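Structure file query_27.txt with compact mmCIF, C-alpha atoms:
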```
# COMPACT_ATOMS: atom_id res chain seq x y z
CA MET A 1 -19.31 16.34 19.85
CA GLY A 2 -21.53 13.30 19.43
CA ARG A 3 -21.56 11.20 16.28
CA ALA A 4 -25.14 12.24 15.53
CA GLY A 5 -23.84 15.77 15.16
CA LEU A 6 -21.87 14.75 12.10
CA HIS A 7 -25.07 14.64 10.12
CA SER A 8 -26.11 18.19 10.90
CA GLY A 9 -25.83 20.90 8.27
CA SER A 10 -23.09 22.66 10.23
CA ALA A 11 -20.76 19.66 9.86
CA LEU A 12 -20.55 20.31 6.13
CA GLY A 13 -19.93 24.01 6.55
CA LEU A 14 -16.60 23.99 8.36
CA THR A 15 -14.77 27.28 8.36
CA SER A 16 -11.42 28.49 9.56
CA ALA A 17 -13.17 29.54 12.79
CA ASP A 18 -13.40 25.91 13.90
CA PRO A 19 -10.99 23.73 11.86
CA ARG A 20 -10.53 21.25 14.72
CA ARG A 21 -14.05 19.80 14.57
CA VAL A 22 -13.19 17.42 11.77
CA LEU A 23 -9.97 16.37 13.53
CA THR A 24 -11.82 15.18 16.63
CA ALA A 25 -14.38 13.12 14.72
CA PRO A 26 -13.70 12.95 10.97
CA PRO A 27 -16.86 12.08 9.02
CA PRO A 28 -17.01 9.26 6.47
CA PHE A 29 -17.88 11.65 3.64
CA PRO A 30 -16.33 14.73 1.99
CA VAL A 31 -16.22 17.95 3.99
CA ALA A 32 -15.13 21.49 3.17
CA CYS A 33 -11.64 21.31 4.68
CA VAL A 34 -9.68 24.52 5.00
CA ASP A 35 -6.19 23.26 5.81
CA ALA A 36 -3.86 20.34 5.11
CA ALA A 37 -4.32 18.82 8.56
CA CYS A 38 -8.05 18.59 7.99
CA VAL A 39 -7.62 16.95 4.58
CA GLU A 40 -5.12 14.41 5.92
CA SER A 41 -7.38 13.56 8.85
CA VAL A 42 -10.36 12.90 6.61
CA GLU A 43 -8.34 10.86 4.11
CA ARG A 44 -6.82 8.68 6.83
CA HIS A 45 -10.08 8.06 8.68
CA PRO A 46 -10.79 4.28 8.59
CA MET A 47 -14.32 4.81 7.29
CA ASN A 48 -12.92 6.62 4.27
CA ALA A 49 -10.63 3.75 3.25
CA LEU A 50 -11.52 2.15 -0.07
CA PRO A 51 -12.71 -1.45 0.11
CA ALA A 52 -10.09 -4.15 -0.45
CA ASP A 53 -11.87 -5.30 -3.60
CA GLY A 54 -11.66 -1.82 -5.13
CA PRO A 55 -8.74 -0.30 -7.08
CA THR A 56 -6.73 0.98 -4.11
CA ILE A 57 -3.20 0.39 -5.43
CA ASP A 58 -1.83 2.71 -8.09
CA ALA A 59 1.64 3.57 -9.38
CA ALA A 60 2.20 6.17 -6.66
CA PHE A 61 1.43 3.54 -4.01
CA LEU A 62 4.04 1.14 -5.39
CA ARG A 63 6.58 3.93 -5.77
CA ARG A 64 6.11 4.63 -2.06
CA TRP A 65 6.53 0.91 -1.40
CA LEU A 66 9.77 0.94 -3.36
CA ASP A 67 11.05 3.84 -1.29
CA ALA A 68 10.10 2.07 1.95
CA ALA A 69 11.58 -1.23 0.75
CA THR A 70 14.84 0.43 -0.28
CA THR A 71 15.12 2.13 3.09
CA ALA A 72 14.46 -1.17 4.87
CA VAL A 73 16.97 -3.12 2.78
CA ASP A 74 19.58 -0.41 3.29
CA ARG A 75 18.98 -0.53 7.04
CA GLU A 76 19.10 -4.33 7.25
CA ALA A 77 21.82 -4.99 4.66
CA ALA A 78 24.45 -5.94 7.22
CA GLN A 79 22.08 -8.33 8.98
CA LEU A 80 21.08 -9.98 5.68
CA SER A 81 24.73 -10.52 4.78
CA GLU A 82 25.41 -11.90 8.26
CA LEU A 83 22.62 -14.44 7.79
CA ASP A 84 24.14 -15.32 4.42
CA SER A 85 27.63 -15.81 5.85
CA PRO A 86 27.39 -19.38 7.21
CA ILE A 87 25.37 -20.78 4.30
CA GLY A 88 26.21 -18.54 1.33
CA ASP A 89 28.65 -15.91 0.10
CA ALA A 90 27.93 -13.34 2.84
CA ASP A 91 26.81 -10.82 0.22
CA HIS A 92 23.01 -11.04 0.13
CA GLY A 93 22.51 -7.74 1.94
CA THR A 94 25.12 -5.95 -0.15
CA ASN A 95 23.61 -7.22 -3.37
CA MET A 96 20.03 -6.39 -2.36
CA ARG A 97 21.05 -2.92 -1.23
CA ARG A 98 22.78 -2.21 -4.53
CA GLY A 99 19.81 -3.47 -6.52
CA PHE A 100 17.13 -1.55 -4.67
CA LEU A 101 19.10 1.68 -4.62
CA ALA A 102 19.50 1.36 -8.39
CA ALA A 103 15.82 0.57 -8.82
CA ARG A 104 14.72 3.56 -6.76
CA SER A 105 17.01 5.85 -8.72
CA ALA A 106 15.68 4.54 -12.04
CA ILE A 107 12.05 4.95 -10.96
CA GLU A 108 12.71 8.49 -9.74
CA GLN A 109 14.19 9.43 -13.11
CA GLU A 110 11.45 7.80 -15.20
CA PRO A 111 8.42 7.02 -13.01
CA PRO A 112 6.01 4.52 -14.61
CA ASP A 113 2.35 5.55 -14.55
CA THR A 114 0.85 2.14 -13.78
CA PRO A 115 1.40 -0.27 -10.87
CA GLY A 116 2.34 -3.00 -13.32
CA GLY A 117 4.88 -0.70 -14.91
CA VAL A 118 6.50 0.00 -11.55
CA LEU A 119 6.94 -3.69 -10.77
CA VAL A 120 8.30 -4.50 -14.22
CA ALA A 121 10.80 -1.63 -14.04
CA VAL A 122 11.98 -2.62 -10.56
CA GLY A 123 12.33 -6.24 -11.61
CA ARG A 124 14.38 -5.25 -14.63
CA GLN A 125 16.75 -3.23 -12.47
CA LEU A 126 17.18 -6.05 -9.96
CA ILE A 127 18.08 -8.52 -12.69
CA SER A 128 20.75 -6.19 -14.04
CA THR A 129 22.26 -5.01 -10.74
CA VAL A 130 21.83 -7.72 -8.07
CA GLY A 131 24.47 -10.42 -8.12
CA GLY A 132 24.10 -14.11 -7.43
CA ALA A 133 20.78 -15.89 -7.64
CA SER A 134 18.82 -13.12 -5.93
CA GLY A 135 18.75 -10.82 -8.95
CA PRO A 136 17.12 -13.29 -11.35
CA LEU A 137 14.76 -14.59 -8.67
CA TYR A 138 13.50 -11.24 -7.38
CA GLY A 139 13.58 -9.80 -10.87
CA THR A 140 11.45 -12.65 -12.18
CA LEU A 141 9.03 -12.32 -9.28
CA LEU A 142 8.40 -8.62 -9.86
CA ARG A 143 8.49 -8.63 -13.65
CA ARG A 144 6.00 -11.50 -13.92
CA ALA A 145 3.76 -9.89 -11.32
CA GLY A 146 3.93 -6.55 -13.12
CA LYS A 147 3.08 -8.10 -16.47
CA ALA A 148 0.15 -9.93 -14.87
CA LEU A 149 -1.24 -6.57 -13.69
CA GLY A 150 -1.16 -5.24 -17.24
CA ASP A 151 -1.79 -1.57 -17.98
CA GLU A 152 -4.48 -0.93 -15.37
CA PRO A 153 -4.02 2.51 -13.74
CA ALA A 154 -5.01 1.08 -10.35
CA VAL A 155 -5.63 -2.43 -9.03
CA SER A 156 -7.26 -4.05 -6.03
CA ALA A 157 -5.53 -6.04 -3.33
CA ALA A 158 -7.00 -9.19 -4.84
CA GLN A 159 -5.54 -8.33 -8.23
CA LEU A 160 -2.15 -7.69 -6.65
CA ARG A 161 -2.42 -11.00 -4.80
CA ASP A 162 -3.16 -12.85 -8.04
CA ALA A 163 -0.27 -11.11 -9.80
CA LEU A 164 2.13 -11.96 -6.99
CA ARG A 165 0.97 -15.56 -7.21
CA VAL A 166 2.00 -15.55 -10.88
CA GLY A 167 5.38 -14.15 -9.90
CA VAL A 168 5.92 -16.63 -7.08
CA ASP A 169 5.00 -19.54 -9.35
CA ALA A 170 7.59 -18.28 -11.83
CA VAL A 171 10.22 -18.14 -9.08
CA ALA A 172 9.41 -21.71 -8.05
CA GLN A 173 9.77 -22.86 -11.65
CA LEU A 174 13.01 -20.93 -12.19
CA GLY A 175 14.68 -22.23 -9.03
CA GLY A 176 13.03 -25.64 -8.97
CA ALA A 177 12.20 -25.10 -5.31
CA ALA A 178 9.26 -26.24 -3.21
CA PRO A 179 7.95 -25.34 0.25
CA GLY A 180 10.32 -26.57 2.93
CA ASP A 181 13.45 -26.31 0.78
CA LYS A 182 14.75 -23.36 2.85
CA THR A 183 14.30 -20.66 0.22
CA MET A 184 12.40 -17.41 -0.27
CA LEU A 185 9.32 -19.50 -1.08
CA ASP A 186 9.06 -20.42 2.59
CA ALA A 187 8.19 -16.78 3.27
CA LEU A 188 6.31 -15.93 0.08
CA LEU A 189 3.88 -18.84 -0.04
CA PRO A 190 2.60 -18.44 3.55
CA ALA A 191 2.26 -14.72 2.86
CA LEU A 192 0.05 -15.36 -0.16
CA ASP A 193 -2.09 -17.80 1.83
CA ALA A 194 -2.50 -15.26 4.64
CA LEU A 195 -3.29 -12.50 2.17
CA THR A 196 -5.99 -14.65 0.59
CA GLY A 197 -7.46 -15.59 3.95
CA ALA A 198 -7.63 -11.99 5.13
CA LEU A 199 -9.25 -10.78 1.90
CA ASP A 200 -11.76 -13.63 1.93
CA ALA A 201 -12.64 -12.64 5.50
CA GLY A 202 -13.46 -9.11 4.34
CA GLY A 203 -10.30 -7.42 5.59
CA SER A 204 -9.11 -4.12 4.18
CA THR A 205 -6.05 -3.90 1.95
CA ALA A 206 -3.95 -2.77 4.91
CA GLU A 207 -5.23 -5.58 7.14
CA ALA A 208 -4.66 -8.20 4.46
CA LEU A 209 -1.12 -7.03 3.70
CA ASP A 210 -0.34 -6.87 7.40
CA ALA A 211 -1.42 -10.50 7.73
CA ALA A 212 0.75 -11.38 4.74
CA ALA A 213 3.77 -9.63 6.26
CA ALA A 214 3.31 -11.42 9.59
CA ALA A 215 3.05 -14.79 7.83
CA ALA A 216 6.18 -14.06 5.79
CA ASP A 217 8.13 -13.18 8.92
CA GLU A 218 6.96 -16.37 10.62
CA GLY A 219 7.85 -18.36 7.52
CA ALA A 220 11.34 -16.88 7.39
CA ARG A 221 11.95 -17.79 11.04
CA ALA A 222 10.64 -21.28 10.38
CA THR A 223 13.53 -21.89 7.94
CA ILE A 224 16.00 -22.08 10.84
CA PRO A 225 15.55 -25.83 11.54
CA LEU A 226 15.25 -26.74 7.86
CA ARG A 227 17.93 -28.39 5.75
CA ALA A 228 18.60 -26.46 2.56
CA ARG A 229 17.76 -28.39 -0.58
CA LYS A 230 18.29 -25.71 -3.20
CA GLY A 231 20.92 -23.11 -3.94
CA ARG A 232 24.43 -22.76 -2.56
CA ALA A 233 23.28 -23.59 0.97
CA SER A 234 22.26 -27.07 -0.17
CA TYR A 235 25.94 -27.96 -0.63
CA LEU A 236 26.33 -27.81 3.16
CA GLY A 237 23.84 -30.59 3.79
CA GLU A 238 23.08 -30.95 7.50
CA ARG A 239 25.33 -27.98 8.28
CA SER A 240 22.68 -25.69 6.78
CA VAL A 241 20.36 -26.60 9.67
CA GLY A 242 20.16 -23.95 12.39
CA HIS A 243 20.49 -20.92 10.14
CA GLN A 244 17.71 -18.60 8.95
CA ASP A 245 17.48 -18.35 5.19
CA PRO A 246 18.54 -14.86 4.00
CA GLY A 247 16.28 -14.95 0.93
CA ALA A 248 13.22 -15.74 3.00
CA THR A 249 14.27 -12.97 5.38
CA SER A 250 14.59 -10.35 2.65
CA SER A 251 11.24 -11.46 1.21
CA ALA A 252 9.64 -10.85 4.60
CA LEU A 253 11.33 -7.45 4.72
CA LEU A 254 9.83 -6.42 1.38
CA LEU A 255 6.36 -7.57 2.41
CA ALA A 256 6.65 -5.65 5.68
CA ALA A 257 7.41 -2.53 3.64
CA LEU A 258 4.33 -3.20 1.51
CA ALA A 259 2.16 -3.56 4.62
CA ASP A 260 3.57 -0.35 6.11
CA THR A 261 2.84 1.49 2.86
CA ALA A 262 -0.78 0.33 2.97
CA LYS A 263 -1.14 1.40 6.59
CA GLU A 264 0.18 4.87 5.82
CA ALA A 265 -2.20 5.15 2.87
CA ALA A 266 -5.11 3.97 5.06
CA VAL A 267 -6.42 1.57 2.39
```

Here is a file; write its structure as structure tokens.
Amino acid sequence: MGRAGLHSGSALGLTSADPRRVLTAPPPFPVACVDAACVESVERHPMNALPADGPTIDAAFLRRWLDAATTAVDREAAQLSELDSPIGDADHGTNMRRGFLAARSAIEQEPPDTPGGVLVAVGRQLISTVGGASGPLYGTLLRRAGKALGDEPAVSAAQLRDALRVGVDAVAQLGGAAPGDKTMLDALLPALDALTGALDAGGSTAEALDAAAAAADEGARATIPLRARKGRASYLGERSVGHQDPGATSSALLLAALADTAKEAAV
């Protein structure tokens, strides 16, 4: 079926006799779908994705991110603790796993109805359940970002970017860290720059968050040759060189979950 055929009257009158027509070439406008597969195909079609400067991120989106992030942290907990072993207390993965499982449980019991509310609630749980420095740092990041979003029922990728910038600035102030100090900032700051660049170039929410996740992963790997200048790892001096920072690694993991959530939502 050619694309020109999408504009014929029959394209709007789909019936159960031919439900596959929309699946082979989903149109960029509403159609009379008759089954769930049809609806999902239309919703996920790239031409139906909301623009990145529109309110594409709601509370349900961030609840799905939390679920994806918790699954990822649970899966990678042992690896995160292994990275923490030579330069920390070997408990970063265990602590993050405990915190995110608690946060997911709390959100499931009392789901906030705004994206800002989700981030504030998750941050509160992380502060109360994650040990070491990670709890206050991640908790501050998410709480400040959530408060920056306010009570809006849905926000754009640009608004989320600006809110995360507020949170990252608060983390930098709390920990007294700067780029190159071998901390989570070495993943978060490149991610924000990549997110900004992708949005400025007209990328979709999914494309922009994917760029942010890739930059965060690259930033985390780039901590390997750095000497730690903040946190427990800084006590090791030159011995901290040659190890990937676990906080930067977990930051990249959370951003990858955010990018995956956007891809699945086709925004």

Exercise. Do you know which residues are at most 9 Å from Gly175 of chain A counting only C-alpha atoms, after dropping those on the same chain fewer than 4 positions away, and could you put them as a PyMOL selection string?
Worked result: chain A and resi 133+137+170-171+230-231

Need to verify the contact set: Ala222 of chain A, 10 Å, all atoms listed in the file, exclusion of same-chain residues closer than 2 positions in sequence. Can you return it as a tab-separated table (two decimals) with C-alpha atoms, in the coordinates of the input?
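What follows is the written file part_4.tsv:
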```
chain	number	residue	atom	x	y	z
A	180	GLY	CA	10.32	-26.57	2.93
A	182	LYS	CA	14.75	-23.36	2.85
A	186	ASP	CA	9.06	-20.42	2.59
A	187	ALA	CA	8.19	-16.78	3.27
A	216	ALA	CA	6.18	-14.06	5.79
A	217	ASP	CA	8.13	-13.18	8.92
A	218	GLU	CA	6.96	-16.37	10.62
A	219	GLY	CA	7.85	-18.36	7.52
A	220	ALA	CA	11.34	-16.88	7.39
A	224	ILE	CA	16.00	-22.08	10.84
A	225	PRO	CA	15.55	-25.83	11.54
A	226	LEU	CA	15.25	-26.74	7.86
A	243	HIS	CA	20.49	-20.92	10.14
A	244	GLN	CA	17.71	-18.60	8.95
A	245	ASP	CA	17.48	-18.35	5.19
A	248	ALA	CA	13.22	-15.74	3.00
```

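Between atom CA of Ala257 of chain A and atom CA of Ala148 of chain A lies a distance of 21.2 Å.
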
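All protein, DNA and RNA residues at most 7 Å from (2.8, -11.1, 4.1) are Ala191, Leu192, Ala194, Leu195, Leu209, Asp210, Ala211, Ala212, Ala213, Ala214, Ala215, Ala216, Ala252, Leu255 and Ala256 of chain A, using all atoms listed in the file.
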
Put those residues in a file: C-alpha atoms, as a CSV table (one decimal), in the frame of the given file.
```csv
chain,number,residue,atom,x,y,z
A,191,ALA,CA,2.3,-14.7,2.9
A,192,LEU,CA,0.0,-15.4,-0.2
A,194,ALA,CA,-2.5,-15.3,4.6
A,195,LEU,CA,-3.3,-12.5,2.2
A,209,LEU,CA,-1.1,-7.0,3.7
A,210,ASP,CA,-0.3,-6.9,7.4
A,211,ALA,CA,-1.4,-10.5,7.7
A,212,ALA,CA,0.8,-11.4,4.7
A,213,ALA,CA,3.8,-9.6,6.3
A,214,ALA,CA,3.3,-11.4,9.6
A,215,ALA,CA,3.0,-14.8,7.8
A,216,ALA,CA,6.2,-14.1,5.8
A,252,ALA,CA,9.6,-10.8,4.6
A,255,LEU,CA,6.4,-7.6,2.4
A,256,ALA,CA,6.6,-5.6,5.7
```

Problem set entry | Distance of atom CA of Gly146 of chain A from atom CA of Gln159 of chain A, expressed in Å to one decimal place | 10.8 Å

For this session: Please indicate the distance in Å from atom CA of Asn95 of chain A to atom CA of Ala78 of chain A, rounded to one decimal place.
Result: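 Value for the atom CA of Asn95 of chain A-atom CA of Ala78 of chain A distance: 10.7 Å.
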
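Of the listed residues A:Ala208, A:Ala106, A:Val130, A:Leu149, the one whose atoms come nearest to Leu164 of chain A is A:Leu149, with distances taken using only C-alpha atoms.
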
For this session: Compute the distance from (9.1, -2.2, -4.0) to each atom, counting all atoms listed in the file, keep the residues with any atom at most 9 Å away, and return them as a list in words; use the coordinates of the file.
Result: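 Residues with an atom close enough to that point: Leu62, Arg63, Arg64, Trp65, Leu66, Asp67, Ala68, Ala69, Thr70, Phe100, Ala103, Arg104, Val118, Leu119, Val122, Leu142, Leu254, Leu255, Ala257 and Leu258 of chain A.
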
Writer output for current selection, C-alpha atoms, as an mmCIF file, in the frame of the given file:
```cif
data_model
loop_
_atom_site.group_PDB
_atom_site.id
_atom_site.type_symbol
_atom_site.label_atom_id
_atom_site.label_comp_id
_atom_site.auth_asym_id
_atom_site.auth_seq_id
_atom_site.Cartn_x
_atom_site.Cartn_y
_atom_site.Cartn_z
ATOM 1 C CA LEU A 62 4.040 1.140 -5.390
ATOM 2 C CA ARG A 63 6.580 3.930 -5.770
ATOM 3 C CA ARG A 64 6.110 4.630 -2.060
ATOM 4 C CA TRP A 65 6.530 0.910 -1.400
ATOM 5 C CA LEU A 66 9.770 0.940 -3.360
ATOM 6 C CA ASP A 67 11.050 3.840 -1.290
ATOM 7 C CA ALA A 68 10.100 2.070 1.950
ATOM 8 C CA ALA A 69 11.580 -1.230 0.750
ATOM 9 C CA THR A 70 14.840 0.430 -0.280
ATOM 10 C CA PHE A 100 17.130 -1.550 -4.670
ATOM 11 C CA ALA A 103 15.820 0.570 -8.820
ATOM 12 C CA ARG A 104 14.720 3.560 -6.760
ATOM 13 C CA VAL A 118 6.500 0.000 -11.550
ATOM 14 C CA LEU A 119 6.940 -3.690 -10.770
ATOM 15 C CA VAL A 122 11.980 -2.620 -10.560
ATOM 16 C CA LEU A 142 8.400 -8.620 -9.860
ATOM 17 C CA LEU A 254 9.830 -6.420 1.380
ATOM 18 C CA LEU A 255 6.360 -7.570 2.410
ATOM 19 C CA ALA A 257 7.410 -2.530 3.640
ATOM 20 C CA LEU A 258 4.330 -3.200 1.510
#
```

Residues within 12 Å of Ala154 of chain A, please, as a PDB file with C-alpha atoms, in the coordinates of the input. Count all atoms listed in the file; anything in the same chain fewer than 4 positions from it doesn't count.
```
ATOM      1  CA  ASP A  53     -11.870  -5.300  -3.600  1.00  0.00           C
ATOM      2  CA  GLY A  54     -11.660  -1.820  -5.130  1.00  0.00           C
ATOM      3  CA  PRO A  55      -8.740  -0.300  -7.080  1.00  0.00           C
ATOM      4  CA  THR A  56      -6.730   0.980  -4.110  1.00  0.00           C
ATOM      5  CA  ILE A  57      -3.200   0.390  -5.430  1.00  0.00           C
ATOM      6  CA  ASP A  58      -1.830   2.710  -8.090  1.00  0.00           C
ATOM      7  CA  ALA A  59       1.640   3.570  -9.380  1.00  0.00           C
ATOM      8  CA  ALA A  60       2.200   6.170  -6.660  1.00  0.00           C
ATOM      9  CA  PHE A  61       1.430   3.540  -4.010  1.00  0.00           C
ATOM     10  CA  LEU A  62       4.040   1.140  -5.390  1.00  0.00           C
ATOM     11  CA  ASP A 113       2.350   5.550 -14.550  1.00  0.00           C
ATOM     12  CA  THR A 114       0.850   2.140 -13.780  1.00  0.00           C
ATOM     13  CA  PRO A 115       1.400  -0.270 -10.870  1.00  0.00           C
ATOM     14  CA  GLY A 116       2.340  -3.000 -13.320  1.00  0.00           C
ATOM     15  CA  GLY A 117       4.880  -0.700 -14.910  1.00  0.00           C
ATOM     16  CA  VAL A 118       6.500   0.000 -11.550  1.00  0.00           C
ATOM     17  CA  LEU A 149      -1.240  -6.570 -13.690  1.00  0.00           C
ATOM     18  CA  GLY A 150      -1.160  -5.240 -17.240  1.00  0.00           C
ATOM     19  CA  ALA A 158      -7.000  -9.190  -4.840  1.00  0.00           C
ATOM     20  CA  GLN A 159      -5.540  -8.330  -8.230  1.00  0.00           C
ATOM     21  CA  LEU A 160      -2.150  -7.690  -6.650  1.00  0.00           C
TER      22      LEU A 160
END
```

Problem set entry | Residue nearest Arg161 of chain A among A:Ile127, A:Leu199, A:Met184, A:Ala262 (counting all atoms listed in the file) |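 The answer is A:Leu199, which sits nearest to Arg161 of chain A.
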
Problem set entry | Who sits within 7 Å of segment 83-87 of chain A, only C-alpha atoms, same chain under 4 positions skipped, as a list of chain:residue names | A:Gln79, A:Asp91, A:His92, A:Ala233, A:Ser240, A:Gln244, A:Asp245, A:Pro246

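Counting all atoms listed in the file, the residue from A:Val73, A:Glu207, A:Pro112, A:Leu188 that sits nearest to Asp151 of chain A is A:Pro112.
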
For this session: Could you tell me which of A:Ala77, A:Ala206, A:Ala102, A:Ala121 comes closest to Ser156 of chain A if we count all atoms listed in the file?
Result: A:Ala206

Since the input lacks some atoms of segment 126-147 of chain A, please model N, CA and C atoms and print them as a PDB file, in the frame of the given file.
```pdb
ATOM      1  N   LEU A 126      16.619  -5.044 -10.857  1.00  0.00           N
ATOM      2  CA  LEU A 126      17.180  -6.050  -9.960  1.00  0.00           C
ATOM      3  C   LEU A 126      17.927  -7.123 -10.738  1.00  0.00           C
ATOM      4  N   ILE A 127      17.400  -7.513 -11.867  1.00  0.00           N
ATOM      5  CA  ILE A 127      18.080  -8.520 -12.690  1.00  0.00           C
ATOM      6  C   ILE A 127      19.441  -8.010 -13.148  1.00  0.00           C
ATOM      7  N   SER A 128      19.519  -6.731 -13.471  1.00  0.00           N
ATOM      8  CA  SER A 128      20.750  -6.190 -14.040  1.00  0.00           C
ATOM      9  C   SER A 128      21.766  -5.741 -12.991  1.00  0.00           C
ATOM     10  N   THR A 129      21.337  -5.573 -11.734  1.00  0.00           N
ATOM     11  CA  THR A 129      22.260  -5.010 -10.740  1.00  0.00           C
ATOM     12  C   THR A 129      22.514  -5.892  -9.518  1.00  0.00           C
ATOM     13  N   VAL A 130      21.644  -6.859  -9.245  1.00  0.00           N
ATOM     14  CA  VAL A 130      21.830  -7.720  -8.070  1.00  0.00           C
ATOM     15  C   VAL A 130      22.589  -8.973  -8.483  1.00  0.00           C
ATOM     16  N   GLY A 131      23.672  -9.253  -7.786  1.00  0.00           N
ATOM     17  CA  GLY A 131      24.470 -10.420  -8.120  1.00  0.00           C
ATOM     18  C   GLY A 131      23.885 -11.703  -7.576  1.00  0.00           C
ATOM     19  N   GLY A 132      24.522 -12.807  -7.932  1.00  0.00           N
ATOM     20  CA  GLY A 132      24.100 -14.110  -7.430  1.00  0.00           C
ATOM     21  C   GLY A 132      22.747 -14.526  -7.974  1.00  0.00           C
ATOM     22  N   ALA A 133      22.082 -15.399  -7.219  1.00  0.00           N
ATOM     23  CA  ALA A 133      20.780 -15.890  -7.640  1.00  0.00           C
ATOM     24  C   ALA A 133      19.655 -14.917  -7.320  1.00  0.00           C
ATOM     25  N   SER A 134      19.889 -14.010  -6.389  1.00  0.00           N
ATOM     26  CA  SER A 134      18.820 -13.120  -5.930  1.00  0.00           C
ATOM     27  C   SER A 134      18.295 -12.219  -7.035  1.00  0.00           C
ATOM     28  N   GLY A 135      19.182 -11.709  -7.878  1.00  0.00           N
ATOM     29  CA  GLY A 135      18.750 -10.820  -8.950  1.00  0.00           C
ATOM     30  C   GLY A 135      17.745 -11.465  -9.886  1.00  0.00           C
ATOM     31  N   PRO A 136      18.084 -12.608 -10.485  1.00  0.00           N
ATOM     32  CA  PRO A 136      17.120 -13.290 -11.350  1.00  0.00           C
ATOM     33  C   PRO A 136      15.836 -13.697 -10.639  1.00  0.00           C
ATOM     34  N   LEU A 137      15.945 -14.131  -9.383  1.00  0.00           N
ATOM     35  CA  LEU A 137      14.760 -14.590  -8.670  1.00  0.00           C
ATOM     36  C   LEU A 137      13.822 -13.434  -8.330  1.00  0.00           C
ATOM     37  N   TYR A 138      14.341 -12.394  -7.706  1.00  0.00           N
ATOM     38  CA  TYR A 138      13.500 -11.240  -7.380  1.00  0.00           C
ATOM     39  C   TYR A 138      13.053 -10.526  -8.651  1.00  0.00           C
ATOM     40  N   GLY A 139      13.948 -10.445  -9.618  1.00  0.00           N
ATOM     41  CA  GLY A 139      13.580  -9.800 -10.870  1.00  0.00           C
ATOM     42  C   GLY A 139      12.442 -10.519 -11.571  1.00  0.00           C
ATOM     43  N   THR A 140      12.517 -11.850 -11.580  1.00  0.00           N
ATOM     44  CA  THR A 140      11.450 -12.650 -12.180  1.00  0.00           C
ATOM     45  C   THR A 140      10.144 -12.470 -11.424  1.00  0.00           C
ATOM     46  N   LEU A 141      10.225 -12.497 -10.106  1.00  0.00           N
ATOM     47  CA  LEU A 141       9.030 -12.320  -9.280  1.00  0.00           C
ATOM     48  C   LEU A 141       8.309 -11.027  -9.626  1.00  0.00           C
ATOM     49  N   LEU A 142       9.039  -9.918  -9.649  1.00  0.00           N
ATOM     50  CA  LEU A 142       8.400  -8.620  -9.860  1.00  0.00           C
ATOM     51  C   LEU A 142       8.019  -8.390 -11.314  1.00  0.00           C
ATOM     52  N   ARG A 143       8.826  -8.814 -12.235  1.00  0.00           N
ATOM     53  CA  ARG A 143       8.490  -8.630 -13.650  1.00  0.00           C
ATOM     54  C   ARG A 143       7.243  -9.428 -14.028  1.00  0.00           C
ATOM     55  N   ARG A 144       7.179 -10.677 -13.600  1.00  0.00           N
ATOM     56  CA  ARG A 144       6.000 -11.500 -13.920  1.00  0.00           C
ATOM     57  C   ARG A 144       4.760 -10.931 -13.252  1.00  0.00           C
ATOM     58  N   ALA A 145       4.906 -10.482 -12.016  1.00  0.00           N
ATOM     59  CA  ALA A 145       3.760  -9.890 -11.320  1.00  0.00           C
ATOM     60  C   ALA A 145       3.310  -8.618 -12.029  1.00  0.00           C
ATOM     61  N   GLY A 146       4.264  -7.784 -12.426  1.00  0.00           N
ATOM     62  CA  GLY A 146       3.930  -6.550 -13.120  1.00  0.00           C
ATOM     63  C   GLY A 146       3.229  -6.801 -14.448  1.00  0.00           C
ATOM     64  N   LYS A 147       3.714  -7.773 -15.184  1.00  0.00           N
ATOM     65  CA  LYS A 147       3.080  -8.100 -16.470  1.00  0.00           C
ATOM     66  C   LYS A 147       1.675  -8.656 -16.249  1.00  0.00           C
TER      67      LYS A 147
END
```
